[in-house]
Number of protein chains: 2
Amino acid sequence: MKKFINQIDDLLVESLSGFAAAHHDLISLHLDPNYLTRAQKPRNKVALISGGGSGHEPLHTGFIGYGMLDAACPGHVFTSPTPDQMMAAAEAVENGKGVLFIVKNYAGDVMNFEMAAEMLPFENATVITSDDVAVENSTYTTGRRGVAGTVIVEKCVGSLAETGADLAACKTLGDKVNRRTASMGVALTSCIVPAAGRPTFEIEKHELEMGVGIHGEPGRRRETMRSADEIVADLMHAILEDLKPASGSEALLMVNGFTGTPLMELYVLYHSAAKLLERHGMKVSRSLVGDYTTSLEMAGASITVCLLDDEIRQHWDSPVQTAALRWGR
Amino acid sequence: MKKFINQIDDLLVESLSGFAAAHHDLISLHLDPNYLTRAQKPRNKVALISGGGSGHEPLHTGFIGYGMLDAACPGHVFTSPTPDQMMAAAEAVENGKGVLFIVKNYAGDVMNFEMAAEMLPFENATVITSDDVAVENSTYTTGRRGVAGTVIVEKCVGSLAETGADLAACKTLGDKVNRRTASMGVALTSCIVPAAGRPTFEIEKHELEMGVGIHGEPGRRRETMRSADEIVADLMHAILEDLKPASGSEALLMVNGFTGTPLMELYVLYHSAAKLLERHGMKVSRSLVGDYTTSLEMAGASITVCLLDDEIRQHWDSPVQTAALRWGR
């Protein structure tokens, strides 16, 4: 295992400290329990809090800031954060309109956010993301996994919350975006959890894992490596079978790298996927290409399609100021 | 070799086409000869053009847009673009104030941009970046290599050019930023050039290449893997020996991933490097952390320090609207 770390036990806090220092204009870091908030506490808005195991950066810390999250609770690598983190984060950012948790559907995360929700002295609700169409149940999940589509949920609900919308409206939009979003990924190499020190799974030089999860969980099947167009066709088949878009539908197309895949190749996947959507009579009007929901050093990528409507498009387009997503008025 | 490609011969055009489609609001793609420009041609500004071999994305295509480049000329992977590309790009974007080429110091790039410069019917100048302090001469270079510091040069000169500054002023600022910028990198794995199909260099499981170039060129020495703090100390020693900053100097600290290193680890490097600069009495006031000058799928990273002054800081902070760097007014 070759990684840029000092002591494994210090990895998370050193990384969070570096993140907070690099983005001190945007971020405040609180340790023990660990959570991060915006540098300036906003007023008169629903407080949006997400979190999950580390190792998926920039998810979620990179999405704290104007137009997205108010706080994030990072667990250890691929390990759920604990309820005390969520409670402390909620205490820090709640400002009179309640708390919305945005949680990827993994058993540990869901359980711990539920425990926090029950103990919270504030009005609260939870949006559970479950965009991964690869498998119905998985190593760490009952039901579908939440993966890169979570970024789209956080962006859109974050935009709505800035308008002063109430908790119920934020929850409704989050659930709607999740319902209209589908993802599937493919791995070419494994990730290596630092504390384990060895690859999470073995994969041969000519193989890919179709439908892989973002912790290296098994997907649909192990396959022989094929062309980009063939891989994209299989991913998109599963995605479109789930979304069943009407012809003429408008889509946001996201190609998300897991880390180890060059940006040049992510754009090859985008090219292939966009052409396929157009052949299905769809209009690709928005895009996101890059590493947004990663799996440590894994080589591979996922494709996400979100079916836009006027409301979702407007919230996607609205200004955002975070470390990882930033665009202006 | 496992990559998301179709035919190797189609990789570059498919990737560029995906890039241009994903960023159609920002980018126009021209093929044969290959170059990319802003979607809207600006007026009354020096036209800034960069380019070089592909495989370093988002460099340079991801930096086309308001506040940075007017055009970029991508060569094949790790191969210089040709003078006809630069000539065509210059014809497309020149708007009466001349052309400034920004060129990383590699023999092929310098030669081809020089040939284009000689043939150009426009007033023109060239800034050659040479921020890599690892080695004086290298596989593809006489003199120092141009690496991730090129992003800072492109950002600052791009900002100045938007103000209507003349060619001489843009050239002067570019040379100044380059002089005040130093970088050095370290590789943990090799890249794989698609047309070669095998790793550019062999590296053992316990080794790192200190001072590696962005094409996998040899650096200073092969070493045994060490802690992040020890690696950063060596990189920073070389950088600070070159820059010789006065105590109290203000710095932009950039930690650049080559692709295969998790963002979590890049922030560990940032944490370590920022602390080291502070111990040297320096003030780290600006940061950039992420994959900005990559080397295909290589795992590893480089550190860049740019010594700020009021002029450079102002141009770094100014608005930019590109695919890879984007911040607002």
# chains A, B, ... in the order shown; residues from 1 in each chain; ligands from 1
>>> residues_around(residues="B:Arg222", least_positions_apart="4", cutoff="8 Å", atoms="only C-alpha atoms", output="PDB file with all heavy atoms, in the first residue's frame")
ATOM      1  N   GLU B 207       8.305   1.683  -3.593  1.00  0.00           N
ATOM      2  CA  GLU B 207       9.141   2.781  -4.099  1.00  0.00           C
ATOM      3  C   GLU B 207       8.321   4.007  -4.506  1.00  0.00           C
ATOM      4  O   GLU B 207       7.144   3.898  -4.865  1.00  0.00           O
ATOM      5  CB  GLU B 207       9.902   2.317  -5.346  1.00  0.00           C
ATOM      6  CG  GLU B 207      11.051   1.384  -5.069  1.00  0.00           C
ATOM      7  CD  GLU B 207      11.777   1.011  -6.357  1.00  0.00           C
ATOM      8  OE1 GLU B 207      11.147   1.041  -7.449  1.00  0.00           O
ATOM      9  OE2 GLU B 207      12.956   0.679  -6.274  1.00  0.00           O
ATOM     10  N   LEU B 208       9.002   5.142  -4.526  1.00  0.00           N
ATOM     11  CA  LEU B 208       8.460   6.341  -5.139  1.00  0.00           C
ATOM     12  C   LEU B 208       9.539   6.971  -6.024  1.00  0.00           C
ATOM     13  O   LEU B 208      10.725   6.712  -5.841  1.00  0.00           O
ATOM     14  CB  LEU B 208       7.992   7.329  -4.062  1.00  0.00           C
ATOM     15  CG  LEU B 208       9.006   7.862  -3.051  1.00  0.00           C
ATOM     16  CD1 LEU B 208       9.772   9.061  -3.598  1.00  0.00           C
ATOM     17  CD2 LEU B 208       8.293   8.261  -1.759  1.00  0.00           C
ATOM     18  N   GLU B 209       9.096   7.765  -6.992  1.00  0.00           N
ATOM     19  CA  GLU B 209      10.017   8.490  -7.870  1.00  0.00           C
ATOM     20  C   GLU B 209       9.962   9.960  -7.483  1.00  0.00           C
ATOM     21  O   GLU B 209       8.956  10.646  -7.728  1.00  0.00           O
ATOM     22  CB  GLU B 209       9.642   8.290  -9.343  1.00  0.00           C
ATOM     23  CG  GLU B 209      10.532   9.033 -10.334  1.00  0.00           C
ATOM     24  CD  GLU B 209      11.945   8.466 -10.446  1.00  0.00           C
ATOM     25  OE1 GLU B 209      12.132   7.255 -10.190  1.00  0.00           O
ATOM     26  OE2 GLU B 209      12.870   9.250 -10.762  1.00  0.00           O
ATOM     27  N   MET B 210      11.021  10.434  -6.866  1.00  0.00           N
ATOM     28  CA  MET B 210      11.073  11.802  -6.350  1.00  0.00           C
ATOM     29  C   MET B 210      11.509  12.745  -7.469  1.00  0.00           C
ATOM     30  O   MET B 210      12.577  12.561  -8.059  1.00  0.00           O
ATOM     31  CB  MET B 210      12.056  11.851  -5.175  1.00  0.00           C
ATOM     32  CG  MET B 210      12.312  13.213  -4.569  1.00  0.00           C
ATOM     33  SD  MET B 210      10.847  13.989  -3.838  1.00  0.00           S
ATOM     34  CE  MET B 210      10.567  12.949  -2.390  1.00  0.00           C
TER      35      MET B 210
END
>>> residues_around(residues="A:Leu48", least_positions_apart="4", cutoff="8 Å", atoms="only C-alpha atoms", output="VMD selection string")
chain A and resid 68 to 71 99 to 102 158 161
>>> closest_residue(among="A:Asn137, A:Thr294, A:Asn105, A:Thr200", to="chain B", atoms="only C-alpha atoms")
A:Thr294
>>> atom_distance(atom1="atom CA of A:Ala90", atom2="atom CA of A:Gly65")
15.3 Å
>>> select_by_dssp(residues="stretch 2-57 of chain A", states="helix (DSSP H, G or I)", output="NGL selection string")
:A and (8-22)
>>> write_last_selection(atoms="all heavy atoms", output="CSV table (one decimal), in the first residue's frame")
chain,number,residue,atom,x,y,z
A,8,ILE,N,-1.9,6.0,10.1
A,8,ILE,CA,-3.3,5.7,9.7
A,8,ILE,C,-4.3,6.4,10.6
A,8,ILE,O,-5.3,6.9,10.1
A,8,ILE,CB,-3.5,4.2,9.5
A,8,ILE,CG1,-2.7,3.7,8.3
A,8,ILE,CG2,-5.0,3.9,9.4
A,8,ILE,CD1,-2.7,2.2,8.1
A,9,ASP,N,-4.0,6.4,11.9
A,9,ASP,CA,-5.0,6.9,12.8
A,9,ASP,C,-5.1,8.5,12.7
A,9,ASP,O,-6.1,9.0,13.2
A,9,ASP,CB,-4.6,6.6,14.3
A,9,ASP,CG,-4.8,5.2,14.6
A,9,ASP,OD1,-5.5,4.5,13.8
A,9,ASP,OD2,-4.3,4.7,15.7
A,10,ASP,N,-4.1,9.1,12.1
A,10,ASP,CA,-4.2,10.5,11.9
A,10,ASP,C,-4.7,11.0,10.6
A,10,ASP,O,-4.9,12.2,10.3
A,10,ASP,CB,-2.8,11.2,12.1
A,10,ASP,CG,-2.2,10.9,13.5
A,10,ASP,OD1,-3.1,10.7,14.5
A,10,ASP,OD2,-1.0,10.8,13.7
A,11,LEU,N,-4.9,10.0,9.7
A,11,LEU,CA,-5.3,10.4,8.3
A,11,LEU,C,-6.5,11.3,8.2
A,11,LEU,O,-6.5,12.3,7.6
A,11,LEU,CB,-5.5,9.1,7.5
A,11,LEU,CG,-6.2,9.2,6.2
A,11,LEU,CD1,-5.4,10.0,5.2
A,11,LEU,CD2,-6.4,7.8,5.5
A,12,LEU,N,-7.6,10.9,8.9
A,12,LEU,CA,-8.8,11.6,8.7
A,12,LEU,C,-8.6,13.1,9.2
A,12,LEU,O,-9.0,14.0,8.5
A,12,LEU,CB,-10.0,10.9,9.4
A,12,LEU,CG,-11.3,11.7,9.3
A,12,LEU,CD1,-11.8,11.8,7.9
A,12,LEU,CD2,-12.4,10.9,10.2
A,13,VAL,N,-8.1,13.2,10.4
A,13,VAL,CA,-8.0,14.6,11.0
A,13,VAL,C,-7.0,15.4,10.2
A,13,VAL,O,-7.3,16.6,10.0
A,13,VAL,CB,-7.7,14.5,12.5
A,13,VAL,CG1,-7.3,15.9,13.0
A,13,VAL,CG2,-8.9,14.0,13.3
A,14,GLU,N,-5.9,14.9,9.8
A,14,GLU,CA,-5.0,15.6,9.0
A,14,GLU,C,-5.6,16.1,7.7
A,14,GLU,O,-5.4,17.2,7.2
A,14,GLU,CB,-3.7,14.9,8.7
A,14,GLU,CG,-2.8,14.7,10.0
A,14,GLU,CD,-1.5,14.0,9.7
A,14,GLU,OE1,-1.3,13.6,8.5
A,14,GLU,OE2,-0.8,13.7,10.7
A,15,SER,N,-6.4,15.2,7.0
A,15,SER,CA,-7.0,15.5,5.8
A,15,SER,C,-8.1,16.6,6.0
A,15,SER,O,-8.1,17.6,5.2
A,15,SER,CB,-7.6,14.3,5.1
A,15,SER,OG,-8.1,14.5,3.9
A,16,LEU,N,-8.9,16.4,7.0
A,16,LEU,CA,-9.9,17.4,7.3
A,16,LEU,C,-9.3,18.8,7.6
A,16,LEU,O,-9.7,19.8,7.2
A,16,LEU,CB,-10.8,17.0,8.4
A,16,LEU,CG,-11.7,15.8,8.2
A,16,LEU,CD1,-12.4,15.4,9.5
A,16,LEU,CD2,-12.7,16.0,7.0
A,17,SER,N,-8.2,18.7,8.3
A,17,SER,CA,-7.5,20.0,8.7
A,17,SER,C,-6.9,20.7,7.5
A,17,SER,O,-7.0,21.9,7.3
A,17,SER,CB,-6.4,19.7,9.7
A,17,SER,OG,-6.9,19.1,10.9
A,18,GLY,N,-6.4,19.9,6.6
A,18,GLY,CA,-5.9,20.4,5.3
A,18,GLY,C,-7.0,21.0,4.5
A,18,GLY,O,-6.9,22.1,3.9
A,19,PHE,N,-8.1,20.3,4.4
A,19,PHE,CA,-9.3,20.8,3.7
A,19,PHE,C,-9.8,22.1,4.3
A,19,PHE,O,-10.0,23.1,3.6
A,19,PHE,CB,-10.4,19.8,3.7
A,19,PHE,CG,-11.7,20.2,3.1
A,19,PHE,CD1,-11.8,20.2,1.7
A,19,PHE,CD2,-12.7,20.6,3.9
A,19,PHE,CE1,-13.0,20.7,1.1
A,19,PHE,CE2,-13.9,21.0,3.3
A,19,PHE,CZ,-14.0,21.1,1.9
A,20,ALA,N,-9.9,22.2,5.6
A,20,ALA,CA,-10.4,23.4,6.2
A,20,ALA,C,-9.4,24.6,6.1
A,20,ALA,O,-9.8,25.7,5.9
A,20,ALA,CB,-10.7,23.1,7.7
A,21,ALA,N,-8.1,24.3,6.1
A,21,ALA,CA,-7.1,25.3,5.9
A,21,ALA,C,-7.1,25.9,4.5
A,21,ALA,O,-7.1,27.1,4.3
A,21,ALA,CB,-5.7,24.8,6.3
A,22,ALA,N,-7.2,24.9,3.6
A,22,ALA,CA,-7.2,25.4,2.1
A,22,ALA,C,-8.4,26.2,1.8
A,22,ALA,O,-8.4,27.0,0.9
A,22,ALA,CB,-7.1,24.1,1.2
>>> select_by_dssp(residues="stretch 284-322 of chain A", states="strand (DSSP E)", output="ChimeraX atom specification")
/A:284-290,300-308,320-322
>>> write_last_selection(atoms="N, CA, C and O atoms", output="CSV table (one decimal), in the first residue's frame")
chain,number,residue,atom,x,y,z
A,284,VAL,N,-29.8,16.4,-23.9
A,284,VAL,CA,-28.9,16.5,-22.8
A,284,VAL,C,-28.5,18.0,-22.7
A,284,VAL,O,-27.8,18.6,-23.5
A,285,SER,N,-29.1,18.7,-21.6
A,285,SER,CA,-28.9,20.1,-21.6
A,285,SER,C,-28.0,20.6,-20.4
A,285,SER,O,-27.6,21.7,-20.4
A,286,ARG,N,-27.7,19.7,-19.5
A,286,ARG,CA,-26.7,20.0,-18.5
A,286,ARG,C,-25.8,18.9,-18.3
A,286,ARG,O,-26.1,17.7,-18.6
A,287,SER,N,-24.6,19.2,-17.7
A,287,SER,CA,-23.5,18.1,-17.6
A,287,SER,C,-22.7,18.4,-16.3
A,287,SER,O,-22.6,19.5,-15.8
A,288,LEU,N,-22.2,17.3,-15.9
A,288,LEU,CA,-21.1,17.4,-14.8
A,288,LEU,C,-20.2,16.2,-15.0
A,288,LEU,O,-20.6,15.0,-15.1
A,289,VAL,N,-18.9,16.5,-15.3
A,289,VAL,CA,-17.9,15.5,-15.5
A,289,VAL,C,-16.7,15.7,-14.6
A,289,VAL,O,-16.1,16.8,-14.6
A,290,GLY,N,-16.4,14.7,-13.9
A,290,GLY,CA,-15.2,14.8,-13.0
A,290,GLY,C,-15.3,13.9,-11.8
A,290,GLY,O,-16.2,13.1,-11.8
A,300,GLY,N,-12.2,3.7,-12.4
A,300,GLY,CA,-13.5,3.4,-12.8
A,300,GLY,C,-14.4,4.7,-12.8
A,300,GLY,O,-13.9,5.8,-12.6
A,301,ALA,N,-15.6,4.5,-13.2
A,301,ALA,CA,-16.5,5.6,-13.3
A,301,ALA,C,-18.0,5.2,-13.2
A,301,ALA,O,-18.3,4.0,-13.4
A,302,SER,N,-18.8,6.2,-12.9
A,302,SER,CA,-20.2,5.9,-12.9
A,302,SER,C,-20.9,6.9,-13.8
A,302,SER,O,-20.4,8.0,-14.0
A,303,ILE,N,-22.0,6.5,-14.3
A,303,ILE,CA,-22.8,7.5,-15.1
A,303,ILE,C,-24.1,7.7,-14.4
A,303,ILE,O,-24.7,6.8,-13.8
A,304,THR,N,-24.6,9.0,-14.3
A,304,THR,CA,-25.8,9.3,-13.7
A,304,THR,C,-26.6,10.1,-14.6
A,304,THR,O,-26.1,11.0,-15.3
A,305,VAL,N,-27.9,9.8,-14.7
A,305,VAL,CA,-28.8,10.6,-15.5
A,305,VAL,C,-29.9,11.2,-14.6
A,305,VAL,O,-30.5,10.4,-13.8
A,306,CYS,N,-30.1,12.5,-14.6
A,306,CYS,CA,-31.2,13.1,-13.8
A,306,CYS,C,-32.2,13.7,-14.8
A,306,CYS,O,-31.8,14.5,-15.7
A,307,LEU,N,-33.4,13.3,-14.8
A,307,LEU,CA,-34.5,13.8,-15.7
A,307,LEU,C,-34.9,15.2,-15.2
A,307,LEU,O,-35.5,15.3,-14.1
A,308,LEU,N,-34.6,16.2,-15.9
A,308,LEU,CA,-34.8,17.6,-15.5
A,308,LEU,C,-36.3,18.0,-15.8
A,308,LEU,O,-36.9,17.5,-16.7
A,320,VAL,N,-23.8,28.6,-6.7
A,320,VAL,CA,-23.2,27.7,-5.6
A,320,VAL,C,-21.8,28.1,-5.4
A,320,VAL,O,-21.1,28.4,-6.3
A,321,GLN,N,-21.4,28.1,-4.1
A,321,GLN,CA,-20.1,28.4,-3.7
A,321,GLN,C,-19.6,27.4,-2.7
A,321,GLN,O,-19.7,27.6,-1.5
A,322,THR,N,-19.0,26.4,-3.2
A,322,THR,CA,-18.4,25.3,-2.4
A,322,THR,C,-17.0,25.0,-2.9
A,322,THR,O,-16.6,25.5,-3.9
>>> closest_atom_pairs(of="chain A", to="chain B", cutoff="7 Å", atoms="only C-alpha atoms", output="CSV")
residue,atom,partner,partner_atom,distance
A:Lys2,CA,B:Leu188,CA,6.8
A:Phe4,CA,B:Ala228,CA,4.8
A:Ile5,CA,B:Ala228,CA,4.9
A:Asn6,CA,B:Ser227,CA,4.9
A:Glu14,CA,B:Val268,CA,5.5
A:Ser15,CA,B:Val268,CA,4.5
A:Ser17,CA,B:His271,CA,6.4
A:Gly18,CA,B:His271,CA,4.0
A:Phe19,CA,B:Tyr267,CA,5.6
A:Ala22,CA,B:Ser287,CA,5.5
A:Gly55,CA,B:Met264,CA,6.6
A:Glu57,CA,B:Leu263,CA,6.1
A:Leu188,CA,B:Lys2,CA,6.8
A:His206,CA,B:Lys2,CA,6.9
A:Ser227,CA,B:Asn6,CA,4.9
A:Ala228,CA,B:Phe4,CA,4.8
A:Asp229,CA,B:Asn6,CA,6.6
A:Thr259,CA,B:Gly260,CA,5.8
A:Gly260,CA,B:Gly260,CA,4.1
A:Thr261,CA,B:Glu297,CA,5.8
A:Pro262,CA,B:Leu296,CA,5.2
A:Leu263,CA,B:Glu57,CA,6.0
A:Met264,CA,B:Ser15,CA,5.7
A:Glu265,CA,B:Phe4,CA,5.5
A:Tyr267,CA,B:Gly18,CA,4.9
A:Val268,CA,B:Ser15,CA,4.5
A:Tyr270,CA,B:Gly18,CA,5.5
A:His271,CA,B:Gly18,CA,4.0
A:Ser287,CA,B:Ala22,CA,5.5
A:Leu296,CA,B:Pro262,CA,5.2
A:Glu297,CA,B:Pro262,CA,5.3
A:Arg326,CA,B:Trp327,CA,6.3
A:Trp327,CA,B:Trp327,CA,6.1
A:Gly328,CA,B:Gly328,CA,5.1
>>> decode(residues="stretch 123-135 of chain A", atoms="N, CA, C and O atoms", output="tab-separated table (two decimals), in the first residue's frame")
chain	number	residue	atom	x	y	z
A	123	GLU	N	-37.24	20.39	14.76
A	123	GLU	CA	-38.00	19.79	13.66
A	123	GLU	C	-37.00	19.23	12.64
A	123	GLU	O	-36.00	19.90	12.32
A	124	ASN	N	-37.23	18.03	12.15
A	124	ASN	CA	-36.27	17.49	11.19
A	124	ASN	C	-36.92	16.50	10.25
A	124	ASN	O	-38.02	15.98	10.52
A	125	ALA	N	-36.25	16.26	9.15
A	125	ALA	CA	-36.68	15.27	8.17
A	125	ALA	C	-35.43	14.71	7.50
A	125	ALA	O	-34.33	15.23	7.68
A	126	THR	N	-35.61	13.64	6.76
A	126	THR	CA	-34.47	12.98	6.12
A	126	THR	C	-34.81	12.62	4.69
A	126	THR	O	-35.91	12.11	4.42
A	127	VAL	N	-33.89	12.92	3.78
A	127	VAL	CA	-33.98	12.42	2.41
A	127	VAL	C	-32.94	11.32	2.27
A	127	VAL	O	-31.77	11.53	2.58
A	128	ILE	N	-33.37	10.15	1.86
A	128	ILE	CA	-32.44	9.04	1.64
A	128	ILE	C	-32.23	8.88	0.15
A	128	ILE	O	-33.20	8.73	-0.60
A	129	THR	N	-30.98	8.94	-0.28
A	129	THR	CA	-30.70	8.80	-1.71
A	129	THR	C	-30.44	7.34	-2.04
A	129	THR	O	-29.81	6.61	-1.27
A	130	SER	N	-30.91	6.94	-3.19
A	130	SER	CA	-30.86	5.51	-3.58
A	130	SER	C	-30.84	5.42	-5.10
A	130	SER	O	-31.67	4.74	-5.71
A	131	ASP	N	-29.88	6.13	-5.70
A	131	ASP	CA	-29.87	6.27	-7.16
A	131	ASP	C	-29.20	5.11	-7.90
A	131	ASP	O	-29.28	5.03	-9.12
A	132	ASP	N	-28.50	4.23	-7.19
A	132	ASP	CA	-27.71	3.19	-7.87
A	132	ASP	C	-28.62	2.07	-8.32
A	132	ASP	O	-29.16	1.31	-7.50
A	133	VAL	N	-28.77	1.91	-9.63
A	133	VAL	CA	-29.68	0.90	-10.17
A	133	VAL	C	-29.02	-0.47	-10.30
A	133	VAL	O	-29.66	-1.43	-10.74
A	134	ALA	N	-27.75	-0.57	-9.91
A	134	ALA	CA	-27.02	-1.82	-10.17
A	134	ALA	C	-27.65	-3.01	-9.46
A	134	ALA	O	-27.88	-4.06	-10.07
A	135	VAL	N	-27.93	-2.87	-8.16
A	135	VAL	CA	-28.41	-4.02	-7.39
A	135	VAL	C	-29.48	-3.56	-6.42
A	135	VAL	O	-29.46	-2.42	-5.95
